[in-house]
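Novice: This is the content of structure-v5.cif (mmCIF, C-alpha atoms and all ligand atoms):
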data_coords
loop_
_atom_site.label_atom_id
_atom_site.label_comp_id
_atom_site.auth_asym_id
_atom_site.auth_seq_id
_atom_site.Cartn_x
_atom_site.Cartn_y
_atom_site.Cartn_z
CA VAL Z 613 0.00 0.00 0.00
CA ARG Z 614 1.66 3.14 -1.24
CA LYS Z 615 -0.41 5.64 0.71
CA GLU Z 616 -1.25 4.93 4.28
CA ILE Z 617 -4.86 4.92 5.36
CA VAL Z 618 -5.07 7.51 8.09
CA PHE Z 619 -8.79 7.93 8.72
CA VAL Z 620 -10.17 5.87 11.49
CA LYS Z 621 -13.64 7.33 11.77
CA VAL Z 622 -16.08 9.26 9.64
CA SER Z 623 -15.83 12.38 11.82
CA ASP Z 624 -12.28 12.83 10.45
CA ILE Z 625 -13.86 13.68 7.10
CA LYS Z 626 -14.49 17.42 6.88
CA ARG Z 627 -13.89 18.51 3.31
CA VAL Z 628 -15.53 16.89 0.30
CA LEU Z 629 -14.35 17.62 -3.23
CA ILE Z 630 -16.94 17.11 -5.97
CA LEU Z 631 -15.44 16.48 -9.42
CA GLY Z 632 -17.96 17.56 -12.05
CA ALA Z 633 -20.77 20.01 -11.27
CA GLY Z 634 -23.35 18.58 -13.69
CA THR Z 635 -26.72 16.98 -12.93
CA MET Z 636 -25.38 14.75 -10.16
CA GLY Z 637 -22.38 16.70 -8.89
CA ARG Z 638 -24.55 19.66 -7.87
CA GLN Z 639 -27.05 17.39 -6.09
CA ILE Z 640 -24.29 15.61 -4.16
CA ALA Z 641 -22.67 18.97 -3.30
CA PHE Z 642 -25.98 20.15 -1.88
CA LEU Z 643 -26.48 16.96 0.12
CA CYS Z 644 -22.98 17.09 1.63
CA ALA Z 645 -23.28 20.79 2.53
CA MET Z 646 -26.73 20.15 3.99
CA HIS Z 647 -25.14 17.62 6.34
CA GLY Z 648 -22.46 20.04 7.49
CA TYR Z 649 -19.52 19.17 5.24
CA GLN Z 650 -17.29 21.79 3.64
CA VAL Z 651 -17.73 21.28 -0.10
CA ILE Z 652 -15.50 22.21 -3.02
CA LEU Z 653 -17.25 22.04 -6.36
CA TYR Z 654 -14.87 21.64 -9.31
CA ASP Z 655 -15.66 21.81 -13.04
CA LEU Z 656 -14.11 23.09 -16.25
CA SER Z 657 -15.79 26.50 -16.50
CA GLN Z 658 -17.14 29.23 -14.27
CA ASP Z 659 -20.39 29.21 -16.29
CA ILE Z 660 -21.06 25.59 -15.33
CA LEU Z 661 -20.27 26.35 -11.68
CA ASP Z 662 -22.60 29.37 -11.72
CA ALA Z 663 -25.38 27.21 -13.18
CA ALA Z 664 -24.68 24.62 -10.48
CA LEU Z 665 -25.03 27.24 -7.75
CA GLY Z 666 -28.33 28.34 -9.28
CA ARG Z 667 -29.56 24.77 -9.16
CA ILE Z 668 -28.38 24.38 -5.57
CA GLY Z 669 -30.47 27.47 -4.74
CA GLU Z 670 -33.50 25.70 -6.21
CA LEU Z 671 -32.74 22.56 -4.20
CA ASN Z 672 -32.54 24.67 -1.05
CA ARG Z 673 -35.97 26.18 -1.75
CA ARG Z 674 -37.46 22.79 -2.52
CA PHE Z 675 -36.12 21.25 0.69
CA VAL Z 676 -37.46 24.18 2.75
CA LEU Z 677 -40.88 23.86 1.09
CA GLN Z 678 -41.08 20.14 1.81
CA GLY Z 679 -39.99 20.75 5.41
CA SER Z 680 -36.72 18.82 5.12
CA ILE Z 681 -34.64 21.82 6.27
CA ASP Z 682 -35.40 24.93 8.33
CA PRO Z 683 -35.92 28.25 6.51
CA ASP Z 684 -32.64 29.59 7.94
CA GLU Z 685 -30.60 26.65 6.59
CA PRO Z 686 -30.15 27.62 2.89
CA GLY Z 687 -27.76 30.48 3.66
CA LYS Z 688 -25.60 28.21 5.83
CA ILE Z 689 -25.66 25.42 3.24
CA THR Z 690 -24.59 27.74 0.42
CA ALA Z 691 -21.84 29.23 2.60
CA ARG Z 692 -20.27 25.77 2.97
CA ILE Z 693 -19.86 25.42 -0.81
CA THR Z 694 -16.82 26.84 -2.63
CA CYS Z 695 -16.55 26.68 -6.42
CA THR Z 696 -13.33 26.54 -8.40
CA THR Z 697 -11.95 25.69 -11.84
CA ASP Z 698 -8.41 25.41 -10.42
CA PRO Z 699 -7.46 21.75 -9.81
CA SER Z 700 -4.75 22.50 -7.21
CA GLU Z 701 -7.05 24.78 -5.26
CA ALA Z 702 -9.80 22.14 -5.43
CA ALA Z 703 -7.57 19.30 -4.25
CA LYS Z 704 -5.96 21.16 -1.36
CA ASP Z 705 -7.02 19.58 1.92
CA ALA Z 706 -9.76 17.37 0.43
CA ASP Z 707 -10.62 14.44 2.69
CA LEU Z 708 -12.96 12.66 0.31
CA VAL Z 709 -13.56 13.01 -3.43
CA SER Z 710 -16.94 12.30 -5.03
CA GLU Z 711 -16.54 12.00 -8.79
CA SER Z 712 -19.48 12.80 -11.11
CA LEU Z 713 -17.68 13.23 -14.43
CA PRO Z 714 -19.23 11.99 -17.70
CA GLU Z 715 -19.68 8.23 -17.98
CA ASP Z 716 -16.36 7.56 -19.76
CA PRO Z 717 -13.81 5.25 -18.09
CA GLU Z 718 -10.88 6.87 -19.90
CA LEU Z 719 -11.88 10.38 -18.75
CA LYS Z 720 -12.53 9.22 -15.18
CA ALA Z 721 -9.14 7.48 -15.09
CA ARG Z 722 -7.34 10.55 -16.42
CA VAL Z 723 -8.95 13.00 -13.99
CA PHE Z 724 -8.46 10.67 -11.00
CA ALA Z 725 -4.77 10.31 -11.94
CA GLN Z 726 -4.49 14.11 -12.12
CA PHE Z 727 -6.07 14.49 -8.68
CA ASP Z 728 -3.97 11.68 -7.21
CA GLY Z 729 -1.02 13.97 -7.81
CA LEU Z 730 -2.74 16.97 -6.23
CA CYS Z 731 -4.73 15.57 -3.27
CA PRO Z 732 -3.23 14.76 0.12
CA ASP Z 733 -2.21 11.12 0.59
CA ARG Z 734 -5.10 10.56 2.97
CA THR Z 735 -7.84 11.51 0.47
CA ILE Z 736 -10.43 8.83 -0.25
CA PHE Z 737 -11.74 8.59 -3.83
CA THR Z 738 -15.33 7.65 -4.62
CA THR Z 739 -17.02 7.36 -8.01
CA ASN Z 740 -20.69 7.94 -8.80
CA THR Z 741 -20.53 5.98 -12.06
CA SER Z 742 -23.85 4.43 -13.14
CA LEU Z 743 -22.78 1.43 -15.19
CA LEU Z 744 -18.99 1.21 -15.06
CA VAL Z 745 -17.25 -0.67 -12.24
CA PRO Z 746 -14.34 0.84 -10.28
CA SER Z 747 -11.86 -1.93 -11.20
CA MET Z 748 -12.00 -0.58 -14.77
CA PHE Z 749 -9.90 2.40 -13.68
CA ALA Z 750 -8.76 1.60 -10.11
CA ASP Z 751 -5.06 1.16 -10.92
CA ARG Z 752 -4.98 4.38 -12.91
CA THR Z 753 -6.15 6.37 -9.86
CA GLY Z 754 -2.78 5.79 -8.19
CA ARG Z 755 -4.56 4.79 -4.97
CA PRO Z 756 -6.71 1.74 -5.79
CA GLU Z 757 -7.02 0.74 -2.11
CA LYS Z 758 -8.73 4.07 -1.43
CA LEU Z 759 -11.23 3.85 -4.30
CA VAL Z 760 -14.83 2.74 -3.70
CA ALA Z 761 -18.00 3.36 -5.72
CA LEU Z 762 -20.53 5.52 -3.86
CA HIS Z 763 -23.52 5.80 -6.14
CA PHE Z 764 -26.39 8.20 -5.56
CA HIS Z 765 -29.87 8.22 -7.03
CA ASP Z 766 -31.90 11.42 -7.42
CA VAL Z 767 -31.33 13.13 -4.06
CA ARG Z 768 -34.58 15.12 -4.39
CA THR Z 769 -36.74 12.03 -4.18
CA THR Z 770 -34.71 9.18 -2.67
CA ASN Z 771 -32.12 8.55 -0.01
CA VAL Z 772 -30.81 5.21 -1.13
CA VAL Z 773 -27.17 4.83 -2.19
CA ASP Z 774 -25.02 1.92 -3.33
CA VAL Z 775 -21.58 1.33 -1.82
CA MET Z 776 -19.54 -0.99 -4.01
CA PRO Z 777 -15.89 -1.93 -3.47
CA HIS Z 778 -13.65 -3.40 -6.17
CA PRO Z 779 -11.37 -6.34 -5.33
CA GLY Z 780 -8.51 -3.97 -4.39
CA SER Z 781 -10.51 -1.65 -2.07
CA SER Z 782 -9.33 -1.58 1.54
CA PRO Z 783 -12.09 -2.95 3.84
CA GLN Z 784 -11.35 -0.05 6.21
CA VAL Z 785 -12.02 2.47 3.44
CA VAL Z 786 -15.21 0.65 2.44
CA GLU Z 787 -16.46 0.98 6.02
CA LEU Z 788 -15.57 4.67 6.11
CA VAL Z 789 -17.41 5.32 2.84
CA ARG Z 790 -20.43 3.43 4.19
CA ASP Z 791 -20.37 5.53 7.37
CA PHE Z 792 -19.91 8.70 5.33
CA ALA Z 793 -23.01 7.83 3.27
CA ARG Z 794 -24.97 7.19 6.46
CA SER Z 795 -23.83 10.58 7.79
CA LEU Z 796 -25.61 12.05 4.74
CA GLY Z 797 -28.86 10.43 5.91
CA GLN Z 798 -28.66 7.74 3.25
CA THR Z 799 -29.76 4.13 3.37
CA VAL Z 800 -26.76 2.13 2.21
CA ILE Z 801 -27.13 -0.83 -0.11
CA MET Z 802 -23.85 -2.68 0.40
CA LEU Z 803 -22.59 -4.68 -2.57
CA GLU Z 804 -20.48 -7.72 -1.76
CA ARG Z 805 -18.92 -7.66 -5.24
CA GLU Z 806 -18.83 -5.51 -8.34
CA ASN Z 807 -21.94 -5.44 -10.48
CA SER Z 808 -22.69 -3.08 -13.34
CA GLY Z 809 -25.84 -1.16 -12.42
CA TYR Z 810 -25.46 -1.96 -8.70
CA VAL Z 811 -28.74 -3.25 -7.22
CA PHE Z 812 -31.67 -0.98 -8.05
CA ASN Z 813 -30.50 0.05 -11.53
CA ALA Z 814 -29.79 -3.60 -12.38
CA MET Z 815 -33.41 -4.49 -11.57
CA LEU Z 816 -34.76 -1.40 -13.34
CA THR Z 817 -32.78 -2.20 -16.49
CA SER Z 818 -34.35 -5.67 -16.57
CA LEU Z 819 -37.82 -4.20 -16.13
CA PHE Z 820 -37.24 -1.72 -18.97
CA SER Z 821 -35.87 -4.47 -21.18
CA SER Z 822 -38.91 -6.72 -20.58
CA ALA Z 823 -41.36 -3.88 -21.20
CA LEU Z 824 -39.54 -2.79 -24.38
CA THR Z 825 -39.45 -6.37 -25.68
CA LEU Z 826 -43.22 -6.67 -25.22
CA ALA Z 827 -43.87 -3.35 -26.99
CA SER Z 828 -41.35 -3.72 -29.82
CA ASN Z 829 -42.65 -7.23 -30.62
CA GLY Z 830 -46.20 -5.87 -30.74
CA VAL Z 831 -47.39 -8.08 -27.87
CA ALA Z 832 -49.26 -5.23 -26.13
CA SER Z 833 -49.54 -1.43 -26.26
CA VAL Z 834 -47.37 0.87 -24.15
CA GLU Z 835 -50.42 1.81 -22.08
CA ASP Z 836 -51.52 -1.78 -21.50
CA ILE Z 837 -48.01 -2.80 -20.45
CA ASP Z 838 -47.97 0.02 -17.89
CA ARG Z 839 -51.55 -0.78 -16.90
CA ALA Z 840 -50.59 -4.39 -16.17
CA TRP Z 841 -47.70 -3.34 -13.95
CA MET Z 842 -49.61 -0.58 -12.18
CA GLY Z 843 -52.80 -2.61 -11.75
CA VAL Z 844 -51.06 -5.58 -10.16
CA MET Z 845 -48.32 -3.80 -8.23
CA ASN Z 846 -50.46 -0.80 -7.20
CA THR Z 847 -47.76 1.65 -8.27
CA PRO Z 848 -48.35 5.20 -9.58
CA MET Z 849 -46.34 4.53 -12.76
CA GLY Z 850 -45.48 1.66 -15.05
CA PRO Z 851 -42.18 0.98 -16.86
CA PHE Z 852 -42.89 3.39 -19.74
CA GLY Z 853 -43.97 6.13 -17.35
CA ILE Z 854 -40.69 5.62 -15.50
CA MET Z 855 -38.73 5.75 -18.79
CA ASP Z 856 -40.38 9.12 -19.50
CA GLN Z 857 -39.01 10.36 -16.17
CA VAL Z 858 -35.51 8.99 -16.73
CA GLY Z 859 -35.47 10.39 -20.29
CA ILE Z 860 -36.03 8.28 -23.40
CA SER Z 861 -32.70 9.31 -24.95
CA THR Z 862 -30.83 8.07 -21.85
CA VAL Z 863 -32.67 4.74 -21.97
CA TRP Z 864 -31.99 4.53 -25.71
CA ILE Z 865 -28.23 5.18 -25.31
CA ILE Z 866 -27.91 2.47 -22.64
CA THR Z 867 -30.11 -0.04 -24.51
CA ASP Z 868 -28.21 0.56 -27.76
CA TYR Z 869 -24.81 0.32 -26.03
CA TRP Z 870 -25.53 -3.07 -24.44
CA ALA Z 871 -27.21 -4.42 -27.59
CA GLN Z 872 -24.01 -3.65 -29.52
CA GLN Z 873 -21.70 -4.96 -26.78
CA LYS Z 874 -23.58 -8.25 -26.58
CA GLY Z 875 -24.63 -8.55 -30.23
CA ASP Z 876 -28.18 -8.93 -28.92
CA ALA Z 877 -30.83 -8.78 -31.70
CA GLN Z 878 -33.77 -8.21 -29.32
CA GLY Z 879 -31.81 -5.45 -27.58
CA ALA Z 880 -31.21 -3.85 -30.99
CA ALA Z 881 -34.95 -4.05 -31.77
CA ASN Z 882 -35.68 -2.43 -28.40
CA ALA Z 883 -33.17 0.33 -29.16
CA ALA Z 884 -34.78 0.90 -32.58
CA PHE Z 885 -38.19 1.16 -30.91
CA LEU Z 886 -36.83 3.87 -28.56
CA LYS Z 887 -35.02 5.65 -31.40
CA GLN Z 888 -38.34 6.42 -33.13
CA TYR Z 889 -39.22 8.57 -30.12
CA VAL Z 890 -35.76 10.13 -29.88
CA ASP Z 891 -35.81 11.07 -33.59
CA LYS Z 892 -39.11 12.90 -33.10
CA GLY Z 893 -37.79 14.79 -30.06
CA LEU Z 894 -40.18 12.88 -27.80
CA LEU Z 895 -37.75 12.49 -24.90
CA GLY Z 896 -40.18 12.17 -22.02
CA ALA Z 897 -41.26 14.46 -19.18
CA LYS Z 898 -38.50 17.01 -19.82
CA THR Z 899 -39.78 17.71 -23.37
CA LYS Z 900 -43.41 17.38 -22.18
CA LYS Z 901 -43.92 14.49 -24.61
CA GLY Z 902 -42.61 10.96 -24.64
CA PHE Z 903 -44.67 7.81 -24.24
CA TYR Z 904 -47.15 10.12 -22.50
CA GLU Z 905 -47.90 13.85 -22.53
CA TYR Z 906 -47.05 16.08 -19.56
CA PRO Z 907 -47.87 17.69 -17.17
CA ASN Z 908 -51.00 15.50 -17.11
CA PRO Z 909 -50.04 12.03 -18.34
CA SER Z 910 -52.98 9.68 -18.86
CA TYR Z 911 -51.61 7.24 -16.25
CA ASN Z 912 -52.37 9.87 -13.59
CA ALA Z 913 -56.08 9.78 -14.41
CA PRO Z 914 -58.08 8.06 -11.66
CA ASP Z 915 -59.67 5.70 -14.19
CA PHE Z 916 -56.46 4.80 -16.09
CA ILE Z 917 -56.48 1.20 -14.88
CA THR Z 918 -60.16 0.57 -15.57
CA ARG Z 919 -60.37 2.46 -18.88
CA ASN Z 920 -58.31 0.72 -21.49
CA THR Z 921 -59.45 2.10 -24.78
CA GLU Z 922 -56.86 4.66 -25.87
CA THR Z 923 -53.87 4.03 -28.09
CA ASN Z 924 -50.61 5.90 -27.92
CA THR Z 925 -50.80 8.64 -30.53
CA ASN Z 926 -47.45 10.36 -29.98
CA LEU Z 927 -45.69 8.48 -32.77
CA GLN Z 928 -48.40 9.20 -35.32
CA GLY Z 929 -48.55 12.47 -37.23
N1 LIG J 1 -27.81 11.74 -14.25
C1 LIG J 1 -28.17 10.75 -13.44
O1 LIG J 1 -29.36 10.52 -13.22
C2 LIG J 1 -27.11 9.92 -12.76
C3 LIG J 1 -27.47 9.17 -11.62
C4 LIG J 1 -26.48 8.44 -10.94
C5 LIG J 1 -25.18 8.43 -11.44
N2 LIG J 1 -24.85 9.15 -12.55
C6 LIG J 1 -23.46 9.14 -13.00
O2 LIG J 1 -22.86 10.33 -12.53
C7 LIG J 1 -21.86 10.76 -13.46
C8 LIG J 1 -22.17 12.16 -13.91
O3 LIG J 1 -23.42 12.17 -14.55
P1 LIG J 1 -24.22 13.55 -14.78
O4 LIG J 1 -25.55 13.16 -15.28
O5 LIG J 1 -24.08 14.42 -13.60
O6 LIG J 1 -23.35 14.15 -16.00
P2 LIG J 1 -23.31 15.66 -16.51
O7 LIG J 1 -22.91 15.58 -17.94
O8 LIG J 1 -24.55 16.37 -16.14
O9 LIG J 1 -22.10 16.30 -15.67
C9 LIG J 1 -20.75 16.01 -15.88
C10 LIG J 1 -19.92 17.25 -15.56
O10 LIG J 1 -18.54 16.91 -15.64
C11 LIG J 1 -17.85 18.04 -16.19
N3 LIG J 1 -16.57 17.63 -16.75
C12 LIG J 1 -16.31 17.00 -17.91
N4 LIG J 1 -15.00 16.79 -18.04
C13 LIG J 1 -14.40 17.29 -16.94
C14 LIG J 1 -13.06 17.37 -16.48
N5 LIG J 1 -12.04 16.90 -17.20
N6 LIG J 1 -12.82 17.96 -15.28
C15 LIG J 1 -13.85 18.44 -14.55
N7 LIG J 1 -15.13 18.40 -14.92
C16 LIG J 1 -15.41 17.83 -16.10
C17 LIG J 1 -18.81 18.58 -17.22
O11 LIG J 1 -18.49 19.94 -17.54
C18 LIG J 1 -20.15 18.40 -16.53
O12 LIG J 1 -20.53 19.57 -15.81
C19 LIG J 1 -21.84 9.73 -14.58
O13 LIG J 1 -20.86 8.76 -14.33
C20 LIG J 1 -23.23 9.13 -14.49
O14 LIG J 1 -23.26 7.81 -15.00
C21 LIG J 1 -25.80 9.89 -13.22
#
As structure tokens, how would this structure be written, given the file I've shared?
Specialist:
Amino acid sequence: VRKEIVFVKVSDIKRVLILGAGTMGRQIAFLCAMHGYQVILYDLSQDILDAALGRIGELNRRFVLQGSIDPDEPGKITARITCTTDPSEAAKDADLVSESLPEDPELKARVFAQFDGLCPDRTIFTTNTSLLVPSMFADRTGRPEKLVALHFHDVRTTNVVDVMPHPGSSPQVVELVRDFARSLGQTVIMLERENSGYVFNAMLTSLFSSALTLASNGVASVEDIDRAWMGVMNTPMGPFGIMDQVGISTVWIITDYWAQQKGDAQGAANAAFLKQYVDKGLLGAKTKKGFYEYPNPSYNAPDFITRNTETNTNLQG
């Protein structure tokens, strides 16, 4: 072990460095600051950091409105967050790094290697990757024993995280990362071994794949597939409603990627089915149209389960 592990307890962690201030980095920055950590938010441009701070302001307001934080908290939370585009400044005195860079193993490896040279020896590295596994770039980080995946879901609506070591992670570091996640009020799903997609996303991917196979093979309509799931499971949304929330282009990219990796013909048919929506700009809730139309999707109607007469019209015309 090149760099000694010096942390013995989670209270030794004071400063968290967030690499990448995009969709997830800003949420994680907010969550850490909300739980009292000093946060350094690092990205390539000041514009991105300014946008991130704007978004953190919105998160503050949302959390006040839902009663999760007191009205006097937002000022304190924002004051704990420092933004910088200077890597040395960012790395100085960081106790734990949370990486939310784009989903590219080469880029993650390169930036981790850069920060290995800049961070103190004690700094723990965590990655928020969705589908990669840490062993893909562990050696390139220069401190494989201090690398663990700490994967967040949408912090606005859930507090479940995955903690996933790779074979070279130090058990002591894994425990610290688990305790750190708990200190953020998160429920920790502990993986015993590496698995692409962790636990929840692995199940969700299978659900999406089954639903897409049914639809692309013309077995049942999008609405009836959702109706079956919702009617039996008593959930407010079915698989296609969930895909609209995730974003159809995101689901398409992942489906297409794995179909190509595995040479899977059904996966390719599922990707082609999704691509029809992507090509028409029907990306889901964020574009107000996807499998359903928003803000009032038909699955929200009280009689959606009992009324099964409509057909999905978004792809026609
Ligand atoms: N979006 C989600 O719902 C979600 C959920 C869980 C995990 N993740 C994972 O989190 C990671 C980030 O996803 P995201 O959706 O936040 O991506 P994003 O594209 O919104 O943000 C990535 C950020 O990284 C910055 N960046 C790129 N290269 C950089 C570099 N060399 N140095 C510093 N910053 C750099 C970009 O400017 C951008 O702001 C990915 O690995 C993704 O798989 C995403």
Novice: Considering all atoms listed in the file, return as number ranges by chain whatever protein or nucleic-acid residues lie within 12 Å of stretch 905-912 of chain Z, sequence-local ones (same chain, fewer than 3 positions apart) excluded.
Specialist: Z: 834-843, 847-854, 856-857, 894-902, 915-927
Novice: Once 8 Å is added on each side, what centre and edge lengths in Å to one decimal does the axis-aligned box around all listed atoms of ligand LIG 1 (chain J) have, as JSON?
Specialist:
{"center_x": -20.7, "center_y": 13.9, "center_z": -14.5, "size_x": 33.3, "size_y": 28.1, "size_z": 23.1}
Novice: Measuring between only C-alpha atoms and all ligand atoms, which one of Z:Val858, Z:Leu824, Z:Ala702, Z:Leu759 shows the shortest distance to ligand LIG 1 (chain J)?
Specialist: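 Ranked by minimum distance to ligand LIG 1 (chain J), first place goes to Z:Val858.
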Novice: Would you name the residues within 7 Å of ligand LIG 1 (chain J), counting only C-alpha atoms and all ligand atoms, and put them as a list in words?
Specialist: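 Sorted by chain and then by number, the residues are Leu631, Gly632, Ala633, Gly634, Thr635, Met636, Gly637, Tyr654, Asp655, Leu656, Ile660, Ser712, Leu713, Pro714, Glu715, Leu719, Val723, Asn740, Thr741, Ser742, Leu743, His763, Phe764, His765 and Asp766 of chain Z.
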Novice: Using only C-alpha atoms, please write the residues we just selected to a file, as a tab-separated table (two decimals), in the coordinates of the input.
Specialist:
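Output below, filename again-v7.tsv:
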chain	number	residue	atom	x	y	z
Z	631	LEU	CA	-15.44	16.48	-9.42
Z	632	GLY	CA	-17.96	17.56	-12.05
Z	633	ALA	CA	-20.77	20.01	-11.27
Z	634	GLY	CA	-23.35	18.58	-13.69
Z	635	THR	CA	-26.72	16.98	-12.93
Z	636	MET	CA	-25.38	14.75	-10.16
Z	637	GLY	CA	-22.38	16.70	-8.89
Z	654	TYR	CA	-14.87	21.64	-9.31
Z	655	ASP	CA	-15.66	21.81	-13.04
Z	656	LEU	CA	-14.11	23.09	-16.25
Z	660	ILE	CA	-21.06	25.59	-15.33
Z	712	SER	CA	-19.48	12.80	-11.11
Z	713	LEU	CA	-17.68	13.23	-14.43
Z	714	PRO	CA	-19.23	11.99	-17.70
Z	715	GLU	CA	-19.68	8.23	-17.98
Z	719	LEU	CA	-11.88	10.38	-18.75
Z	723	VAL	CA	-8.95	13.00	-13.99
Z	740	ASN	CA	-20.69	7.94	-8.80
Z	741	THR	CA	-20.53	5.98	-12.06
Z	742	SER	CA	-23.85	4.43	-13.14
Z	743	LEU	CA	-22.78	1.43	-15.19
Z	763	HIS	CA	-23.52	5.80	-6.14
Z	764	PHE	CA	-26.39	8.20	-5.56
Z	765	HIS	CA	-29.87	8.22	-7.03
Z	766	ASP	CA	-31.90	11.42	-7.42
Novice: So that I can see what lies close to Z:Arg794, please list as number ranges by chain the residues with an atom at most 12 Å from it, counting all atoms listed in the file and leaving out residues fewer than 5 positions away in the same chain.
Specialist: Z: 622-623, 643-644, 647, 762, 771-775, 787-789, 799-802
Novice: Would you mind reading off the distance between atom CA of Z:Arg673 and atom CA of Z:Phe642, one decimal, in Å?
Specialist: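 We find that atom CA of Z:Arg673 and atom CA of Z:Phe642 lie 11.7 Å from each other.
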Novice: With distances taken over only C-alpha atoms, which of Z:Ala691, Z:Ala706, Z:Ala664, Z:Gly669 is nearest to Z:Arg627?
Specialist: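 For Z:Arg627, the nearest of the candidates is Z:Ala706.
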Novice: If we draw a sphere of 9 Å around (-30.8, 17.5, -4.3), which residues have at least one atom in it when counting all atoms listed in the file? Please report them as JSON, numbers by chain.
Specialist: {"Z": [636, 638, 639, 640, 641, 642, 643, 667, 668, 670, 671, 672, 674, 675, 766, 767, 768, 769]}
Novice: Which residue out of Z:Gln678, Z:Val844, Z:Thr770, Z:Leu708 has the minimum interatomic distance to Z:Val651 when all atoms listed in the file are used?
Specialist: Z:Leu708
Novice: In Å, rounded to a single decimal, give me how far atom CA of Z:Gln658 is from atom CA of Z:Thr696.
Specialist: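 We find that atom CA of Z:Thr696 and atom CA of Z:Gln658 lie 7.5 Å from each other.
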Novice: I'd like the interatomic distance between atom CA of Z:Asn846 and atom CA of Z:Thr825, to a tenth of an Å.
Specialist: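 For atom CA of Z:Asn846 relative to atom CA of Z:Thr825, the distance reads 22.2 Å.
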Novice: Determine the nearest neighbour of Z:Pro777 from the options Z:Gln798, Z:Thr753, Z:Ser747, Z:Ser710, counting all atoms listed in the file.
Specialist: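 Of Z:Gln798, Z:Thr753, Z:Ser747, Z:Ser710, the one nearest Z:Pro777 is Z:Ser747, counting all atoms listed in the file.
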Novice: Could you check which of Z:Ala883, Z:Ile652, Z:Ala645, Z:Leu661 is closest to Z:Gly687, using all atoms listed in the file?
Specialist: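 When distances to Z:Gly687 are compared using all atoms listed in the file, the smallest one comes from Z:Ala645.
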Novice: I need the residue nearest Z:Ser833 from this list: Z:Tyr869, Z:Ser657, Z:Phe903, Z:Lys720. Use only C-alpha atoms for the distance.
Specialist: Z:Phe903
Novice: List the spatial neighbours of Z:Lys887 as a list in words - criterion: any atom at most 9 Å away, only C-alpha atoms, same-chain residues fewer than 3 positions off excluded.
Specialist: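 My list of contacting residues is Ile860, Ser861, Trp864, Asn882, Ala883, Ala884, Val890, Asp891 and Lys892 of chain Z.
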Novice: Counting only C-alpha atoms, find the residues whose atoms lie at most 10 Å from (-21.9, -6.9, -10.3) (file coordinates) and write them out as a PyMOL selection string.
Specialist: chain Z and resi 743-745+776+778+803-811+814
Novice: With N, CA and C atoms as the target, complete stretch 677-690 of chain Z and hand it back as a PDB file, keeping the file's coordinate frame.
Specialist:
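Done, and the output landed in out13.pdb:
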ATOM      1  N   LEU Z 677     -39.438  24.018   1.350  1.00  0.00           N
ATOM      2  CA  LEU Z 677     -40.880  23.860   1.090  1.00  0.00           C
ATOM      3  C   LEU Z 677     -41.397  22.507   1.577  1.00  0.00           C
ATOM      4  N   GLN Z 678     -40.609  21.460   1.382  1.00  0.00           N
ATOM      5  CA  GLN Z 678     -41.080  20.140   1.810  1.00  0.00           C
ATOM      6  C   GLN Z 678     -40.760  19.857   3.283  1.00  0.00           C
ATOM      7  N   GLY Z 679     -40.217  20.881   3.968  1.00  0.00           N
ATOM      8  CA  GLY Z 679     -39.990  20.750   5.410  1.00  0.00           C
ATOM      9  C   GLY Z 679     -38.782  19.919   5.784  1.00  0.00           C
ATOM     10  N   SER Z 680     -37.899  19.638   4.817  1.00  0.00           N
ATOM     11  CA  SER Z 680     -36.720  18.820   5.120  1.00  0.00           C
ATOM     12  C   SER Z 680     -35.624  19.630   5.807  1.00  0.00           C
ATOM     13  N   ILE Z 681     -35.603  20.942   5.572  1.00  0.00           N
ATOM     14  CA  ILE Z 681     -34.640  21.820   6.270  1.00  0.00           C
ATOM     15  C   ILE Z 681     -35.370  23.063   6.750  1.00  0.00           C
ATOM     16  N   ASP Z 682     -34.796  23.707   7.787  1.00  0.00           N
ATOM     17  CA  ASP Z 682     -35.400  24.930   8.330  1.00  0.00           C
ATOM     18  C   ASP Z 682     -35.169  26.093   7.358  1.00  0.00           C
ATOM     19  N   PRO Z 683     -36.052  27.104   7.417  1.00  0.00           N
ATOM     20  CA  PRO Z 683     -35.920  28.250   6.510  1.00  0.00           C
ATOM     21  C   PRO Z 683     -34.594  29.002   6.646  1.00  0.00           C
ATOM     22  N   ASP Z 684     -33.927  28.880   7.801  1.00  0.00           N
ATOM     23  CA  ASP Z 684     -32.640  29.590   7.940  1.00  0.00           C
ATOM     24  C   ASP Z 684     -31.447  28.759   7.468  1.00  0.00           C
ATOM     25  N   GLU Z 685     -31.691  27.535   7.005  1.00  0.00           N
ATOM     26  CA  GLU Z 685     -30.600  26.650   6.590  1.00  0.00           C
ATOM     27  C   GLU Z 685     -29.951  27.030   5.250  1.00  0.00           C
ATOM     28  N   PRO Z 686     -30.749  27.415   4.210  1.00  0.00           N
ATOM     29  CA  PRO Z 686     -30.150  27.620   2.890  1.00  0.00           C
ATOM     30  C   PRO Z 686     -28.902  28.507   2.890  1.00  0.00           C
ATOM     31  N   GLY Z 687     -28.921  29.594   3.633  1.00  0.00           N
ATOM     32  CA  GLY Z 687     -27.760  30.480   3.660  1.00  0.00           C
ATOM     33  C   GLY Z 687     -26.515  29.749   4.183  1.00  0.00           C
ATOM     34  N   LYS Z 688     -26.726  28.950   5.234  1.00  0.00           N
ATOM     35  CA  LYS Z 688     -25.600  28.210   5.830  1.00  0.00           C
ATOM     36  C   LYS Z 688     -25.086  27.144   4.857  1.00  0.00           C
ATOM     37  N   ILE Z 689     -26.037  26.487   4.184  1.00  0.00           N
ATOM     38  CA  ILE Z 689     -25.660  25.420   3.240  1.00  0.00           C
ATOM     39  C   ILE Z 689     -24.819  26.012   2.104  1.00  0.00           C
ATOM     40  N   THR Z 690     -25.311  27.115   1.537  1.00  0.00           N
ATOM     41  CA  THR Z 690     -24.590  27.740   0.420  1.00  0.00           C
ATOM     42  C   THR Z 690     -23.211  28.221   0.865  1.00  0.00           C
TER      43      THR Z 690
END
